[in-house]
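Shown below: upload-v7.txt, with compact mmCIF, C-alpha atoms.
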# COMPACT_ATOMS: atom_id res chain seq x y z
CA MET A 173 -158.36 -12.92 146.46
CA ALA A 174 -155.05 -13.04 148.31
CA LEU A 175 -153.35 -14.63 145.31
CA LEU A 176 -154.84 -12.06 142.94
CA ALA A 177 -153.77 -9.18 145.20
CA ALA A 178 -150.23 -10.56 145.42
CA VAL A 179 -149.99 -10.95 141.63
CA LEU A 180 -151.22 -7.39 141.03
CA VAL A 181 -148.94 -5.85 143.67
CA TRP A 182 -145.98 -7.67 142.14
CA ALA A 183 -146.98 -6.39 138.69
CA VAL A 184 -147.12 -2.82 140.03
CA LEU A 185 -143.82 -2.93 141.94
CA ARG A 186 -141.81 -5.46 139.87
CA PRO A 187 -139.06 -5.96 142.49
CA ARG A 188 -135.56 -5.82 140.96
CA GLY A 189 -137.17 -5.44 137.57
CA LEU A 190 -138.30 -9.07 137.49
CA PRO A 191 -141.10 -9.93 135.03
CA GLU A 192 -144.74 -10.04 136.13
CA ALA A 193 -144.84 -13.75 135.34
CA VAL A 194 -142.32 -14.59 138.09
CA LEU A 195 -145.10 -14.52 140.68
CA ALA A 196 -148.16 -14.96 138.46
CA VAL A 197 -147.25 -18.39 137.10
CA PRO A 198 -146.53 -19.94 140.54
CA ALA A 199 -149.70 -18.28 141.87
CA ALA A 200 -151.76 -19.95 139.14
CA GLY A 201 -150.11 -23.27 139.93
CA LEU A 202 -150.83 -22.81 143.64
CA ALA A 203 -154.48 -22.00 142.90
CA VAL A 204 -154.77 -25.34 141.12
CA ALA A 205 -152.77 -27.22 143.76
CA VAL A 206 -154.93 -26.08 146.69
CA GLY A 207 -158.17 -26.69 144.82
CA ALA A 208 -159.18 -23.03 144.39
CA ILE A 209 -159.72 -23.92 140.74
CA SER A 210 -159.90 -27.36 139.17
CA PRO A 211 -157.32 -28.38 136.56
CA ASP A 212 -160.12 -28.64 133.99
CA HIS A 213 -161.29 -25.09 134.64
CA ALA A 214 -157.70 -23.80 134.58
CA TRP A 215 -157.03 -25.52 131.25
CA GLU A 216 -160.33 -24.22 129.89
CA GLU A 217 -159.27 -20.66 130.76
CA VAL A 218 -155.85 -21.11 129.14
CA GLN A 219 -157.52 -22.40 125.98
CA ARG A 220 -159.94 -19.47 125.96
CA LEU A 221 -157.14 -16.93 126.30
CA GLY A 222 -154.67 -18.77 124.02
CA PRO A 223 -155.81 -17.32 120.67
CA VAL A 224 -156.00 -13.81 122.15
CA VAL A 225 -152.49 -14.10 123.59
CA GLY A 226 -151.18 -15.40 120.25
CA PHE A 227 -152.73 -12.42 118.51
CA LEU A 228 -151.14 -10.06 121.03
CA ALA A 229 -147.72 -11.64 120.41
CA ALA A 230 -148.02 -11.04 116.65
CA VAL A 231 -149.06 -7.40 117.14
CA LEU A 232 -146.14 -6.78 119.53
CA VAL A 233 -143.70 -8.16 116.94
CA LEU A 234 -145.30 -6.03 114.24
CA ALA A 235 -144.98 -2.86 116.34
CA HIS A 236 -141.37 -3.62 117.30
CA PHE A 237 -140.23 -4.01 113.71
CA CYS A 238 -142.11 -0.89 112.66
CA ASP A 239 -139.77 0.82 115.11
CA VAL A 240 -136.78 -0.96 113.57
CA GLU A 241 -137.87 0.36 110.17
CA GLY A 242 -137.76 3.91 111.57
CA LEU A 243 -141.48 4.62 111.72
CA PHE A 244 -141.43 6.19 115.19
CA THR A 245 -138.33 8.27 114.48
CA ALA A 246 -140.12 9.70 111.46
CA CYS A 247 -143.14 10.42 113.65
CA GLY A 248 -140.99 12.41 116.08
CA ALA A 249 -139.48 14.49 113.28
CA TRP A 250 -142.92 15.18 111.81
CA MET A 251 -144.25 16.31 115.19
CA ALA A 252 -141.36 18.71 115.71
CA ARG A 253 -141.66 20.26 112.25
CA TRP A 254 -145.46 20.57 112.38
CA ALA A 255 -145.40 22.10 115.88
CA ALA A 256 -142.93 24.79 114.72
CA GLY A 257 -141.90 25.52 118.30
CA ARG A 258 -145.45 25.92 119.63
CA PRO A 259 -146.26 23.65 122.61
CA ALA A 260 -150.01 23.61 121.93
CA ARG A 261 -149.44 22.43 118.36
CA LEU A 262 -147.08 19.74 119.64
CA LEU A 263 -149.81 18.51 121.98
CA THR A 264 -152.22 18.34 119.03
CA ALA A 265 -149.65 16.35 117.04
CA VAL A 266 -149.07 13.97 119.96
CA PHE A 267 -152.82 13.43 120.34
CA ALA A 268 -153.20 12.70 116.63
CA LEU A 269 -150.24 10.33 116.35
CA ALA A 270 -150.80 8.55 119.67
CA SER A 271 -154.47 7.99 118.81
CA VAL A 272 -153.66 6.46 115.42
CA ILE A 273 -150.71 4.40 116.66
CA THR A 274 -152.67 3.07 119.63
CA ALA A 275 -155.62 2.12 117.44
CA VAL A 276 -153.58 0.46 114.69
CA LEU A 277 -150.50 -0.97 116.44
CA SER A 278 -151.95 -1.40 119.96
CA LEU A 279 -151.41 0.60 123.11
CA ASP A 280 -148.06 -1.10 123.75
CA ALA A 281 -146.60 0.67 120.72
CA THR A 282 -147.64 4.05 122.13
CA VAL A 283 -146.29 3.30 125.61
CA VAL A 284 -143.04 1.57 124.72
CA LEU A 285 -142.07 3.14 121.40
CA LEU A 286 -143.80 6.52 121.04
CA THR A 287 -143.32 7.80 124.61
CA PRO A 288 -139.48 8.04 124.39
CA VAL A 289 -139.83 9.72 120.98
CA VAL A 290 -142.26 12.30 122.40
CA LEU A 291 -139.95 13.01 125.34
CA ALA A 292 -136.95 13.46 123.04
CA THR A 293 -138.97 15.71 120.71
CA ALA A 294 -140.20 17.96 123.55
CA THR A 295 -136.67 18.19 124.99
CA ARG A 296 -135.18 19.06 121.62
CA MET A 297 -137.83 21.75 121.09
CA GLY A 298 -137.25 23.17 124.58
CA VAL A 299 -140.89 22.89 125.69
CA HIS A 300 -142.37 21.37 128.87
CA ALA A 301 -142.58 17.61 128.41
CA ARG A 302 -145.28 16.87 131.01
CA PRO A 303 -148.42 17.54 128.94
CA HIS A 304 -147.13 15.45 126.06
CA LEU A 305 -145.96 12.56 128.24
CA TYR A 306 -149.28 12.44 130.10
CA ALA A 307 -151.02 12.44 126.72
CA CYS A 308 -149.16 9.24 125.78
CA ALA A 309 -150.33 7.59 129.01
CA HIS A 310 -153.96 8.65 128.67
CA LEU A 311 -154.24 7.89 124.97
CA SER A 312 -152.69 4.46 125.35
CA ASN A 313 -155.88 3.68 127.26
CA THR A 314 -158.56 5.97 125.80
CA ALA A 315 -157.51 5.74 122.15
CA SER A 316 -157.47 1.95 122.27
CA LEU A 317 -161.26 1.83 121.90
CA LEU A 318 -161.46 1.78 118.11
CA LEU A 319 -160.35 -1.63 116.82
CA PRO A 320 -160.32 -5.16 118.24
CA VAL A 321 -156.54 -5.14 117.79
CA SER A 322 -155.90 -1.96 119.77
CA ASN A 323 -155.79 -3.54 123.23
CA LEU A 324 -155.82 -6.93 124.90
CA THR A 325 -159.10 -5.99 126.59
CA ASN A 326 -160.54 -5.26 123.13
CA LEU A 327 -159.55 -8.69 121.87
CA LEU A 328 -161.35 -10.29 124.78
CA ALA A 329 -164.43 -8.10 124.29
CA PHE A 330 -164.39 -8.72 120.53
CA THR A 331 -164.57 -12.46 121.13
CA ALA A 332 -167.39 -12.09 123.66
CA SER A 333 -169.42 -9.60 121.60
CA GLY A 334 -170.02 -11.81 118.57
CA LEU A 335 -169.45 -8.79 116.30
CA SER A 336 -167.50 -8.77 113.06
CA PHE A 337 -164.26 -6.75 112.89
CA THR A 338 -165.92 -4.06 110.76
CA ARG A 339 -169.08 -3.73 112.86
CA PHE A 340 -167.01 -3.50 116.04
CA ALA A 341 -165.00 -0.64 114.51
CA VAL A 342 -168.12 1.15 113.23
CA LEU A 343 -169.84 0.99 116.62
CA MET A 344 -166.76 2.22 118.46
CA ALA A 345 -165.74 4.97 116.01
CA LEU A 346 -167.96 7.68 117.50
CA PRO A 347 -167.16 6.83 121.16
CA TRP A 348 -163.45 6.81 120.19
CA LEU A 349 -163.62 10.28 118.65
CA VAL A 350 -165.75 11.70 121.46
CA ALA A 351 -163.49 10.34 124.22
CA ILE A 352 -160.31 11.63 122.55
CA GLY A 353 -161.89 15.04 121.97
CA ALA A 354 -162.97 15.29 125.60
CA GLU A 355 -159.49 14.33 126.80
CA TYR A 356 -157.95 16.96 124.52
CA LEU A 357 -160.13 19.72 125.95
CA VAL A 358 -159.24 18.68 129.51
CA PHE A 359 -155.53 18.65 128.67
CA ARG A 360 -155.66 22.11 127.10
CA ARG A 361 -157.28 23.46 130.26
CA PHE A 362 -155.21 21.51 132.80
CA PHE A 363 -151.83 22.34 131.19
CA ASP A 364 -152.72 25.84 130.03
CA GLU A 365 -149.63 27.41 131.60
CA GLU A 366 -147.17 24.96 130.00
CA LEU A 367 -148.89 25.17 126.62
CA THR A 368 -148.80 28.97 126.48
CA ALA A 369 -145.17 29.35 127.60
CA PRO A 370 -142.79 31.59 125.59
CA LEU A 371 -142.09 30.05 122.20
CA PRO A 372 -138.64 28.56 121.64
CA SER A 373 -137.04 28.43 118.21
CA PRO A 374 -138.42 25.82 115.81
CA ASP A 375 -136.37 22.65 115.44
CA PRO A 376 -134.45 22.92 112.14
CA ALA A 377 -133.61 19.21 111.99
CA ARG A 378 -134.13 17.54 108.65
CA PRO A 379 -136.83 14.86 108.75
CA PRO A 380 -135.77 11.25 108.14
CA GLU A 381 -136.98 9.31 105.14
CA LEU A 382 -140.53 7.99 105.47
CA PRO A 383 -140.50 4.18 106.02
CA LEU A 384 -142.86 3.28 103.17
CA PHE A 385 -142.32 -0.47 103.50
CA ALA A 386 -143.49 -0.43 107.12
CA LEU A 387 -146.48 1.78 106.29
CA VAL A 388 -147.57 -0.45 103.41
CA THR A 389 -147.19 -3.57 105.56
CA VAL A 390 -149.31 -2.08 108.34
CA GLY A 391 -151.94 -1.00 105.81
CA CYS A 392 -152.08 -4.47 104.28
CA THR A 393 -152.33 -6.02 107.75
CA LEU A 394 -155.30 -3.81 108.62
CA ALA A 395 -156.98 -4.77 105.35
CA GLY A 396 -156.23 -8.38 106.23
CA PHE A 397 -158.09 -8.01 109.52
CA VAL A 398 -161.22 -6.88 107.69
CA VAL A 399 -161.00 -9.61 105.03
CA ALA A 400 -160.26 -12.34 107.57
CA SER A 401 -163.23 -11.32 109.71
CA ALA A 402 -165.53 -11.32 106.67
CA LEU A 403 -164.34 -14.82 105.72
CA GLY A 404 -164.65 -16.18 109.25
CA ILE A 405 -160.89 -16.53 109.64
CA ALA A 406 -159.23 -15.53 112.91
CA PRO A 407 -157.63 -12.05 112.56
CA ALA A 408 -154.55 -13.48 114.27
CA TRP A 409 -153.48 -14.93 110.91
CA ALA A 410 -153.41 -11.46 109.34
CA ALA A 411 -151.41 -10.13 112.28
CA LEU A 412 -148.99 -13.05 111.99
CA ALA A 413 -148.53 -12.38 108.28
CA GLY A 414 -147.68 -8.72 108.87
CA ALA A 415 -145.29 -9.60 111.71
CA LEU A 416 -143.52 -12.23 109.59
CA VAL A 417 -143.06 -9.80 106.69
CA LEU A 418 -141.40 -7.11 108.82
CA ALA A 419 -139.44 -9.55 110.98
CA GLY A 420 -138.30 -11.48 107.91
CA ARG A 421 -137.09 -8.27 106.26
CA ALA A 422 -135.14 -7.33 109.38
CA LEU A 423 -133.57 -10.80 109.55
CA LEU A 424 -132.54 -10.73 105.89
CA ARG A 425 -130.98 -7.30 106.32
CA ARG A 426 -129.22 -8.47 109.51
CA ARG A 427 -130.95 -5.86 111.62
CA ALA A 428 -132.35 -8.52 113.94
CA THR A 429 -131.70 -12.06 115.11
CA PRO A 430 -134.16 -14.90 115.81
CA LEU A 431 -133.70 -14.18 119.53
CA THR A 432 -134.66 -10.54 118.92
CA VAL A 433 -137.86 -11.66 117.22
CA VAL A 434 -138.76 -13.90 120.16
CA ARG A 435 -138.02 -11.17 122.70
CA SER A 436 -140.15 -8.66 120.79
CA ALA A 437 -143.16 -10.92 121.41
CA ALA A 438 -142.69 -10.43 125.19
CA PRO A 439 -143.09 -14.12 126.13
CA ALA A 440 -142.87 -13.39 129.87
CA PHE A 441 -145.75 -10.93 129.62
CA LEU A 442 -147.80 -13.43 127.62
CA ALA A 443 -147.23 -16.03 130.34
CA PHE A 444 -148.34 -13.45 132.89
CA VAL A 445 -151.61 -12.87 131.02
CA LEU A 446 -152.39 -16.60 130.91
CA ALA A 447 -151.53 -17.08 134.59
CA LEU A 448 -153.52 -14.02 135.61
CA GLY A 449 -156.51 -15.42 133.73
CA VAL A 450 -156.34 -18.62 135.78
CA VAL A 451 -156.13 -16.72 139.09
CA VAL A 452 -159.03 -14.45 138.11
CA ARG A 453 -161.11 -17.49 137.10
CA ALA A 454 -160.51 -18.95 140.57
CA VAL A 455 -161.76 -15.71 142.17
CA VAL A 456 -164.80 -15.63 139.89
CA ASP A 457 -165.66 -19.25 140.73
CA HIS A 458 -165.62 -18.44 144.45
CA GLY A 459 -168.23 -15.69 144.64
CA LEU A 460 -167.02 -12.56 142.87
CA ALA A 461 -169.19 -13.28 139.85
CA ASP A 462 -172.31 -13.55 142.00
CA ALA A 463 -171.58 -10.28 143.79
CA LEU A 464 -170.99 -8.39 140.54
CA GLN A 465 -174.05 -9.94 138.92
CA ARG A 466 -176.19 -8.37 141.62
CA ALA A 467 -174.48 -4.99 141.10
CA LEU A 468 -174.87 -4.91 137.31
CA PRO A 469 -177.92 -2.95 136.10
CA ASP A 470 -180.49 -4.61 133.84
CA GLY A 471 -181.78 -3.33 130.50
CA SER A 472 -180.26 -1.80 127.36
CA GLY A 473 -180.94 1.92 127.76
CA LEU A 474 -178.50 4.77 128.18
CA LEU A 475 -178.62 4.72 131.99
CA THR A 476 -177.93 0.98 131.99
CA LEU A 477 -174.90 1.43 129.73
CA LEU A 478 -173.65 4.25 131.98
CA GLY A 479 -174.04 2.01 135.03
CA VAL A 480 -172.15 -0.86 133.40
CA ALA A 481 -169.34 1.42 132.23
CA ALA A 482 -169.05 3.09 135.65
CA LEU A 483 -168.88 -0.28 137.43
CA ALA A 484 -166.21 -1.45 134.98
CA ALA A 485 -164.19 1.75 135.53
CA VAL A 486 -164.32 1.38 139.32
CA LEU A 487 -163.38 -2.28 139.16
CA ALA A 488 -160.48 -1.53 136.81
CA ASN A 489 -159.01 0.91 139.32
CA LEU A 490 -159.48 -1.56 142.18
CA ILE A 491 -158.06 -4.72 140.58
CA ASN A 492 -156.57 -3.51 137.25
CA ASN A 493 -158.40 -3.42 133.93
CA LEU A 494 -157.34 -6.84 132.64
CA PRO A 495 -158.77 -8.79 135.61
CA ALA A 496 -161.81 -6.50 135.51
CA VAL A 497 -162.61 -7.36 131.91
CA LEU A 498 -162.00 -11.06 132.53
CA VAL A 499 -164.54 -10.93 135.36
CA LEU A 500 -167.19 -8.77 133.69
CA LEU A 501 -167.34 -10.15 130.16
CA PRO A 502 -168.94 -13.51 131.06
CA LEU A 503 -171.55 -11.60 133.10
CA THR A 504 -172.47 -9.16 130.33
CA ALA A 505 -172.09 -11.25 127.17
CA GLY A 506 -175.64 -12.55 127.45
CA ALA A 507 -177.03 -9.00 127.45
CA GLY A 508 -175.73 -8.33 123.95
CA PRO A 509 -172.92 -6.31 122.31
CA GLY A 510 -174.03 -3.03 123.91
CA ALA A 511 -173.26 -4.18 127.44
CA VAL A 512 -169.95 -5.75 126.35
CA LEU A 513 -168.84 -2.54 124.64
CA ALA A 514 -169.93 -0.50 127.69
CA VAL A 515 -167.62 -2.67 129.80
CA LEU A 516 -164.87 -1.91 127.29
CA LEU A 517 -165.41 1.83 127.65
CA GLY A 518 -165.15 1.51 131.41
CA VAL A 519 -161.99 -0.61 131.47
CA ASN A 520 -160.22 1.47 128.79
CA ILE A 521 -161.09 5.02 129.87
CA GLY A 522 -161.41 4.38 133.63
CA PRO A 523 -157.77 3.35 134.23
CA ASN A 524 -156.60 6.91 133.53
CA LEU A 525 -157.61 7.69 137.10
CA THR A 526 -154.84 5.72 138.86
CA TYR A 527 -151.44 4.23 138.08
CA ALA A 528 -152.66 0.74 138.93
CA GLY A 529 -155.69 1.00 136.63
CA SER A 530 -153.96 -0.60 133.65
CA LEU A 531 -150.77 -2.48 132.87
CA ALA A 532 -150.07 0.06 130.13
CA THR A 533 -149.94 2.93 132.64
CA LEU A 534 -147.61 0.98 134.91
CA LEU A 535 -145.32 0.30 131.97
CA TRP A 536 -145.50 3.96 130.89
CA ARG A 537 -144.43 5.11 134.35
CA ARG A 538 -141.39 2.81 134.29
CA ILE A 539 -140.33 4.01 130.84
CA VAL A 540 -140.67 7.68 131.78
CA GLN A 541 -138.62 7.15 134.93
CA GLN A 542 -135.96 5.22 133.00
CA HIS A 543 -135.55 8.29 130.78
CA GLY A 544 -134.95 10.51 133.81
CA HIS A 545 -138.34 12.20 133.99
CA ARG A 546 -140.34 12.25 137.21
CA VAL A 547 -144.12 11.92 137.30
CA GLU A 548 -146.15 12.69 140.42
CA VAL A 549 -148.97 10.49 141.68
CA GLY A 550 -150.97 13.50 142.91
CA GLU A 551 -150.86 15.30 139.57
CA PHE A 552 -151.68 12.13 137.64
CA THR A 553 -154.70 11.54 139.88
CA ARG A 554 -155.93 15.16 139.68
CA LEU A 555 -155.78 15.01 135.91
CA GLY A 556 -157.58 11.67 135.94
CA LEU A 557 -160.37 13.00 138.17
CA LEU A 558 -161.12 15.56 135.47
CA ALA A 559 -160.44 13.52 132.36
CA VAL A 560 -162.12 10.20 133.19
CA PRO A 561 -165.69 11.43 133.77
CA ALA A 562 -165.31 14.04 131.02
CA ALA A 563 -164.45 11.29 128.52
CA LEU A 564 -166.46 8.34 129.88
CA VAL A 565 -169.93 9.90 130.07
CA PRO A 566 -170.07 11.34 126.53
CA ALA A 567 -168.38 8.21 125.15
CA VAL A 568 -171.13 6.03 126.62
CA ALA A 569 -173.75 8.39 125.18
CA ALA A 570 -172.00 8.09 121.80
CA LEU A 571 -172.05 4.29 122.08
CA TRP A 572 -175.78 4.35 122.86
CA LEU A 573 -176.35 6.52 119.78
CA SER A 574 -174.22 4.22 117.60
CA LEU A 575 -176.18 1.21 118.77
CA ARG A 576 -179.45 2.98 117.90
CA VAL A 577 -178.24 3.98 114.42
CA VAL A 578 -176.08 1.01 113.40
CA GLY A 579 -177.59 -1.71 115.55
CA GLY A 580 -175.72 -4.29 117.60
Please lay out the structure from this file as structure tokens.
Amino acid sequence: MALLAAVLVWAVLRPRGLPEAVLAVPAAGLAVAVGAISPDHAWEEVQRLGPVVGFLAAVLVLAHFCDVEGLFTACGAWMARWAAGRPARLLTAVFALASVITAVLSLDATVVLLTPVVLATATRMGVHARPHLYACAHLSNTASLLLPVSNLTNLLAFTASGLSFTRFAVLMALPWLVAIGAEYLVFRRFFDEELTAPLPSPDPARPPELPLFALVTVGCTLAGFVVASALGIAPAWAALAGALVLAGRALLRRRATPLTVVRSAAPAFLAFVLALGVVVRAVVDHGLADALQRALPDGSGLLTLLGVAALAAVLANLINNLPAVLVLLPLTAGAGPGAVLAVLLGVNIGPNLTYAGSLATLLWRRIVQQHGHRVEVGEFTRLGLLAVPAALVPAVAALWLSLRVVGG
């Protein structure tokens, strides 16, 4: 527990901007050295997480080179033109784009690539940036419910659920829509003053050319996920193909170097995920699993799913959502896909309550601060206290309904 706490605190603070892996990797090695986890169990955990981490690397490369192709710049121009100087319409545009980008290109694309675009768009329009920036943070978590590729937690849950890519998406479609809709209503109420401010002049800037090559590549990659799942092939191969196409195009056009491609995969973060998995496995082996097993409700009804999701949300805010899902999935996998997907709702929606709830929120805070915008812990928490229950409860009810109609 001490090692896990140290790793998470380091990830939150990142002294001198050092990567999360700087402490996580030695901590994993120390856990093995002192016998907190056997080398066999540590290697077993690395092997279990390896395919998921490889998939994540491919998706990160794909998202980065979509940005190189100008996809996110085009998104910013579209938002400004569609909003026509009205803050409420800009918020609607941000919700729509962030939801789609998070679902298709993963939450990292929304946090790292879309957030600066949204800030620049709001500044250029002369509207308050806070509602739109907070929307990027919340939707990087909430809107990542739809597809197995939308979030690292989804990839882990997808593997544990035994569902196909298509069935996973069908079951999560209604909870995804319900959660986003609930968040939108909370945002409109919470930021009513900023969203009804006097209207500035519309931005007359001419929109950039739509990056068709990037859009077609992303579309083909999504189709590849469905086909690969139907054929029993790991979706990582489809993600790799899409990443290679965009990265190869950038290399040929001398808009990137091999080192750029490697850096876009965030190797230090990938090492952090593997090391964190080993540390969490050590904690699970020494009693945490037994304690949580006693706390998890039994059954498959709506109240059971609500209990599982609530426990997952609380745990995500205590120890971060990635460790939470690593702990809870082995305990719920035997209960069927419903319990696994309820965990996913908890660890994806729940982290909007606190900064430490998810790695995406921590990264979002750093990016916003780097661009000279201040975010307050108190305001973030007040918004989360309203948005999390408002989104989580109806999303669980929607999941229960989907399971009844579609079947797990």
Contacts of A:Ala567 at 12 Å (all atoms listed in the file; same-chain gap of 4+ positions) as a ChimeraX atom specification: /A:314-315,317-318,343-355,474,477-478,481-482,513-518,520-522,559-563,571-574
Write out as AutoDock Vina command-line options an axis-aligned box for stretch 276-279 of chain A: all of its atoms listed in the file, 8 Å added on each side, centre and edge lengths in Å with one decimal.
--center_x -152.0 --center_y -0.4 --center_z 118.9 --size_x 19.1 --size_y 18.0 --size_z 24.4
At a cut-off of 10 Å, using only C-alpha atoms, what residues contact A:Leu190? Leave out same-chain residues fewer than 6 positions from it and give the result as JSON, numbers by chain. {"A": [182, 183, 440]}
At what distance in Å, to one decimal, does atom CA of A:Asn492 lie from atom CA of A:Leu335? 25.2 Å
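Proximity to A:Val445 was assessed for A:Leu494, A:Leu416, A:His300, A:Thr264 counting all atoms listed in the file; the smallest distance is recorded for A:Leu494.
Residues lying within 9 Å of stretch 238-241 of chain A, counting all atoms listed in the file and ignoring same-chain neighbours fewer than 2 positions away, are A:Val233, A:Leu234, A:Ala235, A:His236, A:Leu243, A:Phe244, A:Thr245, A:Ala281, A:Leu285, A:Pro383, A:Phe385, A:Ala386, A:Leu387, A:Val390, A:Leu418, A:Ala422, A:Arg427, A:Ala428.
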Can I get the selection written as a compact mmCIF listing (two decimals), in the coordinates of the input, with C-alpha atoms?
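Ended up saving to again-v2.txt:
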# COMPACT_ATOMS: atom_id res chain seq x y z
CA VAL A 233 -143.70 -8.16 116.94
CA LEU A 234 -145.30 -6.03 114.24
CA ALA A 235 -144.98 -2.86 116.34
CA HIS A 236 -141.37 -3.62 117.30
CA LEU A 243 -141.48 4.62 111.72
CA PHE A 244 -141.43 6.19 115.19
CA THR A 245 -138.33 8.27 114.48
CA ALA A 281 -146.60 0.67 120.72
CA LEU A 285 -142.07 3.14 121.40
CA PRO A 383 -140.50 4.18 106.02
CA PHE A 385 -142.32 -0.47 103.50
CA ALA A 386 -143.49 -0.43 107.12
CA LEU A 387 -146.48 1.78 106.29
CA VAL A 390 -149.31 -2.08 108.34
CA LEU A 418 -141.40 -7.11 108.82
CA ALA A 422 -135.14 -7.33 109.38
CA ARG A 427 -130.95 -5.86 111.62
CA ALA A 428 -132.35 -8.52 113.94
For A:Leu279, the closest of A:Phe441, A:Tyr356, A:Trp536, A:Trp254 counting only C-alpha atoms is A:Trp536
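Remark: for A:Ile539, the closest of the candidate residues A:Ala256, A:Ala443, A:Ala309, A:Ala437 is A:Ala309 (distances computed over only C-alpha atoms).
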Go through A:Leu442, A:Arg296, A:Glu217, A:Val342 and flag the residue nearest A:Ala570, using only C-alpha atoms for the distances. A:Val342
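For the point (-148.7, 17.7, 114.1), the residues with at least one atom inside 7 Å, counting only C-alpha atoms, are A:Trp250, A:Met251, A:Trp254, A:Ala255, A:Arg261, A:Leu262, A:Thr264, A:Ala265, A:Val266.
Remark: for A:Leu384, the closest of the candidate residues A:Ala246, A:Met173, A:Ala467, A:Leu501 is A:Ala246 (distances computed over only C-alpha atoms).
Put simply, atom CA of A:Arg453 is 29.0 Å away from atom CA of A:Leu311.
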Using the structure block above, produce a file of stretch 459-484 of chain A that contains C-alpha atoms, as a short mmCIF file (atom, residue, chain, number, x, y, z; two decimals), in the first residue's frame.
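The result, stored in part-v5.cif:
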data_model
loop_
_atom_site.label_atom_id
_atom_site.label_comp_id
_atom_site.auth_asym_id
_atom_site.auth_seq_id
_atom_site.Cartn_x
_atom_site.Cartn_y
_atom_site.Cartn_z
CA GLY A 459 -5.63 -8.67 1.21
CA LEU A 460 -7.26 -5.89 -0.79
CA ALA A 461 -9.06 -8.36 -3.03
CA ASP A 462 -10.59 -10.15 -0.03
CA ALA A 463 -11.80 -6.89 1.51
CA LEU A 464 -13.40 -5.70 -1.72
CA GLN A 465 -14.95 -9.10 -2.38
CA ARG A 466 -16.86 -8.77 0.88
CA ALA A 467 -18.00 -5.25 -0.08
CA LEU A 468 -19.23 -6.15 -3.57
CA PRO A 469 -22.98 -6.83 -3.75
CA ASP A 470 -24.27 -10.12 -5.16
CA GLY A 471 -26.83 -10.60 -7.93
CA SER A 472 -27.51 -9.08 -11.35
CA GLY A 473 -30.36 -6.64 -10.69
CA LEU A 474 -30.40 -2.88 -10.98
CA LEU A 475 -29.53 -2.28 -7.32
CA THR A 476 -26.57 -4.65 -7.60
CA LEU A 477 -25.25 -2.82 -10.66
CA LEU A 478 -25.69 0.51 -8.84
CA GLY A 479 -23.75 -0.85 -5.86
CA VAL A 480 -20.91 -2.11 -8.04
CA ALA A 481 -20.69 1.16 -9.96
CA ALA A 482 -20.76 3.24 -6.76
CA LEU A 483 -17.99 1.15 -5.19
CA ALA A 484 -15.91 1.50 -8.35
#
